[in-house]
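Worksheet: the structure to be examined is printed underneath.
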Amino acid sequence: MTKLADRTTRISSSPTMQVTATVDRLRREGVEVIDFGAGEPDFPTPAAVKTAAHTALDQDFTRYTPPSGIVELKRAICDRYRADYGVEYRESEVIVTAGGKQALCNTALSLFGPGDEIITHAPYWPTLTEQIKLADASPVLVPTYADDGFAIRAGAILDRVTTRTRGIIINSPCNPTGALISESDLSAIADVAVAQGIWIVVDLCYERLIYDDVPHNLPRVLAAKCRDLTVLCGSASKAYAMTGWRCGWAIGPAPVIAACGAIQSHTTSNVMSISQKAAVAALTGSQAPVTAMLDEYRKRRDQLCTWLAADARLRCQKPAGAFYLFIDVGDLLSVDGLRTSLDLADALLKEARVAVTPGEAFDAPGFIRISYATSLDILREGTNRLLEFVKAHQGEPAAAS
Ligand SMILES: Cc1ncc(COP(=O)(O)O)c(C=O)c1O
């Protein structure tokens, strides 16, 4: 039997990426599939960003850079956060990483260890908990509820604080629910973090994808209360349609960033040189493409919700951020039919050739996640298929409420 290191037995591969892999395999086999699984923008990377990358290549900007990133990009990140949130960070407080994923991983490895408890909210993006386990720490999960809009409540989080709590990870806007934490809830969490020396890590990878003009200045709330205990993780992936470029960042106290830098210098080293130049253009150039994409996502979200309202058993609320609908399909499950949302997602793919991510991937059985980072035409076709599938499996739909 192959003997692997213990840590491999604690984690499993990304279930969200498995959906993408299945769609790819089916398409290679010639099967036509509607993909509602993708966790990435369908838009091209903005033209100015691509131009910056071409220029970098033409200028042979193709060598190693400092492992923690080029100064120009660190400055651009500081400038962006100053402009967007009014917070001041220095270059020594920023590391450029291979996406938000590596920012979060470096942070977990730098801050957490054996015996530590790390609190986060569920449903959650699975990487967050797997990274906690990779750091030999234990995730402590705080449920959020559909009938409460999946609100991330300070009280529920703080109820789980013990003497072993070392960190609290907040993902806002949240994947898969689209929920935002309120500034007041975060502020209450920050008060306890200061009193007890607990790290607060905020996954802000969807920060630019918030539909309404609601208060969400999480960096400023934390900078005011517990700057020395805060790490902000961000990314160019979702805001600028740059998932493949692999460029993100962590912002936090210089010693933490130095530790992240040491880890990164012995693992992946610098983010691809050309991607870094592209990210500078993304962050410093016109932000109009971000707004244009957000407007389009909003249109799709609203349209999708209208279409899905045709069957009251597909229960969902409009998400406040990100680009996913998280649908309660509990009314469609039964012991003698589709038993779980995983069964439902499998059958939907087999019978209707629509790929969705089952709630099980986010520790939320009974739900499915639909990504609307795809065109309205595809959304229309996929929704028709979903509605027909639901009808076929459960007789006539209940009257829409
Ligand atoms: C909640 C959340 N955080 C972070 C990431 C990381 O994205 P990336 O590594 O592409 O920046 C993702 C990607 O899906 C995500 O959903």
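Order determines the names: the first chain of the structure tokens is A, the second B, and so forth; residues in each chain are numbered 1 upward, and ligands are numbered 1 upward as they are shown.
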How would you report the residues lying within 6 Å of ligand 1, as a short mmCIF file (atom, residue, chain, number, x, y, z; two decimals) with C-alpha atoms, in the first residue's frame, if you count only C-alpha atoms and all ligand atoms?
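Written out: pocket_26.cif:
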data_model
loop_
_atom_site.label_atom_id
_atom_site.label_comp_id
_atom_site.auth_asym_id
_atom_site.auth_seq_id
_atom_site.Cartn_x
_atom_site.Cartn_y
_atom_site.Cartn_z
CA GLY A 39 -16.36 29.64 -10.17
CA GLY A 99 -4.16 34.00 -6.30
CA GLY A 100 -6.11 34.55 -3.14
CA LYS A 101 -5.74 30.84 -2.51
CA TRP A 125 -15.54 27.58 0.38
CA CYS A 174 -19.16 34.63 0.84
CA ASN A 175 -18.82 31.82 -1.65
CA ASP A 203 -11.06 36.50 2.50
CA CYS A 205 -11.64 37.71 -3.04
CA SER A 235 -7.20 38.65 -5.57
CA SER A 237 -9.07 36.72 -10.19
CA THR A 243 -8.38 33.59 -12.76
CA GLY A 248 -3.54 37.70 -5.43
#
Where does DSSP see strand (DSSP E) in segment 19-110 of chain A, if you list the residues as a ChimeraX atom specification?
/A:34-35,94-97
Any chance you can output those residues with N, CA and C atoms as a CSV table (one decimal), in the first residue's frame?
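Below is the file result.csv, written as the result:
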chain,number,residue,atom,x,y,z
A,34,ILE,N,-24.2,22.1,-20.2
A,34,ILE,CA,-24.3,23.5,-19.7
A,34,ILE,C,-23.6,23.6,-18.3
A,35,ASP,N,-22.6,24.4,-18.2
A,35,ASP,CA,-21.8,24.5,-17.0
A,35,ASP,C,-22.2,25.6,-16.1
A,94,VAL,N,2.7,43.8,2.5
A,94,VAL,CA,2.0,43.2,1.4
A,94,VAL,C,2.9,42.1,0.7
A,95,ILE,N,2.2,41.0,0.4
A,95,ILE,CA,2.9,40.0,-0.4
A,95,ILE,C,2.0,39.6,-1.6
A,96,VAL,N,2.7,39.5,-2.7
A,96,VAL,CA,1.9,39.1,-3.9
A,96,VAL,C,2.0,37.6,-4.0
A,97,THR,N,0.8,37.0,-4.2
A,97,THR,CA,0.7,35.5,-4.2
A,97,THR,C,0.0,34.9,-5.4
Calculated over only C-alpha atoms, which of the candidates A:Glu296, A:Asp228, A:Glu72, A:Asp147 has the smallest distance to Ser375 of chain A?
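Closest to Ser375 of chain A, using only C-alpha atoms: A:Glu296.
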Could you tell me how far atom CA of Ala288 of chain A sits from atom CA of Phe323 of chain A, in Å to one decimal place?
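Pair atom CA of Phe323 of chain A / atom CA of Ala288 of chain A returns 18.2 Å.
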Neighbours of Ile70 of chain A within 10 Å (only C-alpha atoms; same-chain residues fewer than 4 positions away dropped), as number ranges by chain?
A: 64-66, 74-75, 91, 95-96, 270-271, 273, 276-277, 280
For the selection you just gave me, I'd like the residues written to a file as a short mmCIF file (atom, residue, chain, number, x, y, z; two decimals), in the first residue's frame, keeping C-alpha atoms.
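What ended up in result.cif:
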data_model
loop_
_atom_site.label_atom_id
_atom_site.label_comp_id
_atom_site.auth_asym_id
_atom_site.auth_seq_id
_atom_site.Cartn_x
_atom_site.Cartn_y
_atom_site.Cartn_z
CA TYR A 64 12.59 35.79 -11.36
CA THR A 65 11.20 38.68 -9.40
CA PRO A 66 11.54 39.09 -5.62
CA LYS A 74 2.86 46.10 -3.93
CA ARG A 75 2.48 49.86 -4.28
CA GLU A 91 4.97 47.69 0.90
CA ILE A 95 2.92 39.98 -0.37
CA VAL A 96 1.93 39.09 -3.93
CA ASN A 270 7.34 34.70 -7.19
CA VAL A 271 4.04 34.95 -9.05
CA SER A 273 6.49 38.00 -13.75
CA GLN A 276 2.46 40.84 -11.94
CA LYS A 277 2.78 43.53 -14.60
CA VAL A 280 -0.40 46.51 -11.90
#
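Between atom CA of Asp328 of chain A and atom CA of Ser341 of chain A there is a distance of 9.1 Å.
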Leu376 of chain A surroundings by only C-alpha atoms, 9 Å radius, close-in-sequence under 6 positions cut, as a ChimeraX atom specification:
/A:299-300,303-304
Those residues with all heavy atoms, as a compact mmCIF listing (two decimals), in the first residue's frame please?
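Once written, result_27.txt looks like this:
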# COMPACT_ATOMS: atom_id res chain seq x y z
N LYS A 299 -27.63 41.91 -13.75
CA LYS A 299 -28.71 41.62 -14.69
C LYS A 299 -29.01 40.12 -14.71
O LYS A 299 -30.14 39.67 -14.66
CB LYS A 299 -28.24 42.08 -16.09
CG LYS A 299 -29.30 42.76 -16.91
CD LYS A 299 -28.81 43.10 -18.30
CE LYS A 299 -27.87 44.29 -18.36
NZ LYS A 299 -27.17 44.43 -19.65
N ARG A 300 -27.95 39.35 -14.76
CA ARG A 300 -28.11 37.90 -14.81
C ARG A 300 -28.73 37.37 -13.52
O ARG A 300 -29.59 36.49 -13.54
CB ARG A 300 -26.73 37.23 -15.00
CG ARG A 300 -26.09 37.54 -16.33
CD ARG A 300 -24.67 37.03 -16.30
NE ARG A 300 -23.94 37.34 -17.51
CZ ARG A 300 -22.67 36.97 -17.70
NH1 ARG A 300 -22.02 36.31 -16.76
NH2 ARG A 300 -22.06 37.28 -18.82
N GLN A 303 -32.44 38.19 -13.50
CA GLN A 303 -33.16 37.40 -14.48
C GLN A 303 -33.29 35.95 -14.03
O GLN A 303 -34.35 35.34 -14.09
CB GLN A 303 -32.42 37.49 -15.82
CG GLN A 303 -33.11 36.80 -16.97
CD GLN A 303 -34.48 37.38 -17.26
OE1 GLN A 303 -34.61 38.46 -17.83
NE2 GLN A 303 -35.53 36.67 -16.87
N LEU A 304 -32.19 35.41 -13.54
CA LEU A 304 -32.16 34.02 -13.10
C LEU A 304 -33.16 33.81 -11.96
O LEU A 304 -33.92 32.82 -11.95
CB LEU A 304 -30.73 33.70 -12.63
CG LEU A 304 -30.33 32.27 -12.38
CD1 LEU A 304 -30.62 31.39 -13.58
CD2 LEU A 304 -28.83 32.22 -12.06
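Closest to Ala223 of chain A among A:Lys133, A:Arg313, A:Arg82, A:Arg298 is A:Arg82, based on only C-alpha atoms.
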Skipping near chain neighbours, those fewer than 6 positions away, what residues fall within 10 Å of Trp199 of chain A using only C-alpha atoms, listed as a list in words?
Leu111, Phe112, Ile118, Thr165, Arg166, Gly167, Ile168, Ile169, Ala190, Ala193, Cys226, Arg227, Asp228, Leu229, Thr230 and Val231 of chain A
Save the residues we just selected, N, CA, C and O atoms, as an mmCIF file, in the first residue's frame?
data_model
loop_
_atom_site.group_PDB
_atom_site.id
_atom_site.type_symbol
_atom_site.label_atom_id
_atom_site.label_comp_id
_atom_site.auth_asym_id
_atom_site.auth_seq_id
_atom_site.Cartn_x
_atom_site.Cartn_y
_atom_site.Cartn_z
ATOM 1 N N LEU A 111 0.316 31.405 10.665
ATOM 2 C CA LEU A 111 -0.322 31.770 11.935
ATOM 3 C C LEU A 111 -0.831 30.602 12.774
ATOM 4 O O LEU A 111 -0.949 30.720 13.980
ATOM 5 N N PHE A 112 -1.184 29.495 12.114
ATOM 6 C CA PHE A 112 -1.891 28.435 12.839
ATOM 7 C C PHE A 112 -1.034 27.190 12.967
ATOM 8 O O PHE A 112 -0.187 26.904 12.115
ATOM 9 N N ILE A 118 -9.627 27.220 14.763
ATOM 10 C CA ILE A 118 -9.866 28.349 13.859
ATOM 11 C C ILE A 118 -11.348 28.355 13.514
ATOM 12 O O ILE A 118 -11.876 27.380 12.974
ATOM 13 N N THR A 165 -8.807 29.190 20.731
ATOM 14 C CA THR A 165 -9.085 29.902 19.472
ATOM 15 C C THR A 165 -7.899 30.767 19.093
ATOM 16 O O THR A 165 -7.458 31.621 19.867
ATOM 17 N N ARG A 166 -7.397 30.524 17.905
ATOM 18 C CA ARG A 166 -6.222 31.275 17.452
ATOM 19 C C ARG A 166 -6.583 32.211 16.298
ATOM 20 O O ARG A 166 -5.903 33.203 16.059
ATOM 21 N N GLY A 167 -7.651 31.851 15.575
ATOM 22 C CA GLY A 167 -8.009 32.687 14.438
ATOM 23 C C GLY A 167 -9.482 32.593 14.107
ATOM 24 O O GLY A 167 -10.155 31.624 14.456
ATOM 25 N N ILE A 168 -9.961 33.639 13.429
ATOM 26 C CA ILE A 168 -11.334 33.655 12.905
ATOM 27 C C ILE A 168 -11.204 34.038 11.436
ATOM 28 O O ILE A 168 -10.563 35.046 11.114
ATOM 29 N N ILE A 169 -11.757 33.200 10.571
ATOM 30 C CA ILE A 169 -11.693 33.511 9.136
ATOM 31 C C ILE A 169 -13.091 33.912 8.668
ATOM 32 O O ILE A 169 -14.057 33.177 8.866
ATOM 33 N N ALA A 190 -14.047 41.987 16.252
ATOM 34 C CA ALA A 190 -12.734 42.619 16.436
ATOM 35 C C ALA A 190 -12.486 42.956 17.901
ATOM 36 O O ALA A 190 -11.371 42.789 18.403
ATOM 37 N N ALA A 193 -11.390 39.882 19.501
ATOM 38 C CA ALA A 193 -10.071 39.499 18.974
ATOM 39 C C ALA A 193 -8.973 40.269 19.697
ATOM 40 O O ALA A 193 -7.951 39.700 20.096
ATOM 41 N N CYS A 226 -8.076 46.500 15.209
ATOM 42 C CA CYS A 226 -7.098 45.436 15.472
ATOM 43 C C CYS A 226 -6.181 45.224 14.267
ATOM 44 O O CYS A 226 -6.015 44.100 13.797
ATOM 45 N N ARG A 227 -5.579 46.310 13.796
ATOM 46 C CA ARG A 227 -4.701 46.240 12.633
ATOM 47 C C ARG A 227 -3.613 45.192 12.820
ATOM 48 O O ARG A 227 -3.255 44.472 11.895
ATOM 49 N N ASP A 228 -3.073 45.102 14.030
ATOM 50 C CA ASP A 228 -1.958 44.178 14.282
ATOM 51 C C ASP A 228 -2.369 42.721 14.320
ATOM 52 O O ASP A 228 -1.536 41.832 14.454
ATOM 53 N N LEU A 229 -3.671 42.494 14.260
ATOM 54 C CA LEU A 229 -4.162 41.101 14.318
ATOM 55 C C LEU A 229 -4.944 40.743 13.052
ATOM 56 O O LEU A 229 -5.673 39.757 13.022
ATOM 57 N N THR A 230 -4.792 41.581 12.019
ATOM 58 C CA THR A 230 -5.626 41.425 10.820
ATOM 59 C C THR A 230 -4.794 41.048 9.604
ATOM 60 O O THR A 230 -3.765 41.663 9.342
ATOM 61 N N VAL A 231 -5.269 40.068 8.863
ATOM 62 C CA VAL A 231 -4.695 39.787 7.543
ATOM 63 C C VAL A 231 -5.831 39.830 6.520
ATOM 64 O O VAL A 231 -6.856 39.145 6.689
#
I want to know what sits within 10 Å of Phe61 of chain A, based on only C-alpha atoms, with residues of the same chain fewer than 5 positions away left out; could you give that as a list of chain:residue names?
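After dropping sequence-adjacent residues, the list is A:Ala53, A:His54, A:Thr55, A:Ala56, A:Met272, A:Ser273, A:Ile274, A:Lys277.
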Kindly export the residues of the current selection with all heavy atoms, as a JSON list (two decimals), in the first residue's frame.
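Full text of result_3.json as output:
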[["chain", "number", "residue", "atom", "x", "y", "z"],
["A", 53, "ALA", "N", 0.51, 43.03, -20.30],
["A", 53, "ALA", "CA", 1.19, 41.73, -20.32],
["A", 53, "ALA", "C", 2.01, 41.57, -21.60],
["A", 53, "ALA", "O", 3.16, 41.11, -21.57],
["A", 53, "ALA", "CB", 0.18, 40.61, -20.20],
["A", 54, "HIS", "N", 1.44, 41.99, -22.73],
["A", 54, "HIS", "CA", 2.18, 41.93, -24.00],
["A", 54, "HIS", "C", 3.45, 42.77, -23.89],
["A", 54, "HIS", "O", 4.52, 42.35, -24.32],
["A", 54, "HIS", "CB", 1.33, 42.48, -25.16],
["A", 54, "HIS", "CG", 0.29, 41.52, -25.65],
["A", 54, "HIS", "ND1", 0.59, 40.33, -26.25],
["A", 54, "HIS", "CD2", -1.06, 41.59, -25.62],
["A", 54, "HIS", "CE1", -0.53, 39.69, -26.57],
["A", 54, "HIS", "NE2", -1.54, 40.44, -26.19],
["A", 55, "THR", "N", 3.30, 43.95, -23.33],
["A", 55, "THR", "CA", 4.46, 44.85, -23.19],
["A", 55, "THR", "C", 5.52, 44.20, -22.32],
["A", 55, "THR", "O", 6.72, 44.23, -22.67],
["A", 55, "THR", "CB", 4.01, 46.20, -22.59],
["A", 55, "THR", "OG1", 2.94, 46.70, -23.37],
["A", 55, "THR", "CG2", 5.14, 47.21, -22.55],
["A", 56, "ALA", "N", 5.10, 43.60, -21.22],
["A", 56, "ALA", "CA", 6.07, 42.96, -20.32],
["A", 56, "ALA", "C", 6.84, 41.87, -21.07],
["A", 56, "ALA", "O", 8.06, 41.74, -20.94],
["A", 56, "ALA", "CB", 5.34, 42.37, -19.12],
["A", 272, "MET", "N", 4.16, 34.63, -11.41],
["A", 272, "MET", "CA", 4.67, 34.80, -12.78],
["A", 272, "MET", "C", 4.91, 36.29, -13.09],
["A", 272, "MET", "O", 4.02, 37.12, -12.86],
["A", 272, "MET", "CB", 3.65, 34.21, -13.73],
["A", 272, "MET", "CG", 4.23, 33.70, -15.00],
["A", 272, "MET", "SD", 4.07, 34.97, -16.23],
["A", 272, "MET", "CE", 2.75, 34.29, -17.19],
["A", 273, "SER", "N", 6.08, 36.60, -13.58],
["A", 273, "SER", "CA", 6.49, 38.00, -13.75],
["A", 273, "SER", "C", 5.49, 38.80, -14.61],
["A", 273, "SER", "O", 5.13, 39.93, -14.27],
["A", 273, "SER", "CB", 7.89, 38.06, -14.37],
["A", 273, "SER", "OG", 7.92, 37.30, -15.56],
["A", 274, "ILE", "N", 5.04, 38.18, -15.68],
["A", 274, "ILE", "CA", 4.14, 38.90, -16.60],
["A", 274, "ILE", "C", 2.78, 39.15, -15.94],
["A", 274, "ILE", "O", 2.18, 40.22, -16.10],
["A", 274, "ILE", "CB", 4.00, 38.09, -17.91],
["A", 274, "ILE", "CG1", 5.37, 38.03, -18.59],
["A", 274, "ILE", "CG2", 2.96, 38.68, -18.84],
["A", 274, "ILE", "CD1", 5.50, 36.97, -19.65],
["A", 277, "LYS", "N", 2.93, 42.28, -13.83],
["A", 277, "LYS", "CA", 2.78, 43.53, -14.60],
["A", 277, "LYS", "C", 1.32, 43.73, -15.02],
["A", 277, "LYS", "O", 0.80, 44.85, -15.02],
["A", 277, "LYS", "CB", 3.67, 43.49, -15.85],
["A", 277, "LYS", "CG", 5.15, 43.63, -15.54],
["A", 277, "LYS", "CD", 5.50, 45.08, -15.18],
["A", 277, "LYS", "CE", 7.01, 45.27, -15.14],
["A", 277, "LYS", "NZ", 7.41, 46.63, -14.80]]
Can you list, as an MDAnalysis selection string, every protein, DNA or RNA residue that comes within 10 Å of Thr268 of chain A when you count only C-alpha atoms, leaving out same-chain residues fewer than 6 positions away?
chainID A and resid 67 97:98 102
Dump of C-alpha atoms for the selected residues, as a PDB file, in the first residue's frame:
ATOM      1  CA  PRO A  67       9.619  36.122  -4.170  1.00  0.00           C
ATOM      2  CA  THR A  97       0.699  35.506  -4.170  1.00  0.00           C
ATOM      3  CA  ALA A  98      -0.529  32.981  -6.714  1.00  0.00           C
ATOM      4  CA  GLN A 102      -2.002  31.078  -1.876  1.00  0.00           C
TER       5      GLN A 102
END
Do you have the atom CA of Pro176 of chain A-atom CA of Pro365 of chain A distance handy?
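So the two atoms, atom CA of Pro176 of chain A and atom CA of Pro365 of chain A, lie 12.5 Å apart.
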To test your reading of the structure, identify every residue in segment 41-209 of chain A that backbone DSSP assigns to helix (DSSP H, G or I), and report it as JSON, numbers by chain.
{"A": [47, 48, 49, 50, 51, 52, 53, 54, 55, 56, 57, 58, 71, 72, 73, 74, 75, 76, 77, 78, 79, 80, 81, 82, 83, 84, 85, 91, 92, 93, 99, 100, 101, 102, 103, 104, 105, 106, 107, 108, 109, 110, 111, 126, 127, 128, 129, 130, 131, 132, 133, 134, 146, 147, 148, 154, 155, 156, 157, 158, 183, 184, 185, 186, 187, 188, 189, 190, 191, 192, 193, 194, 195, 196]}
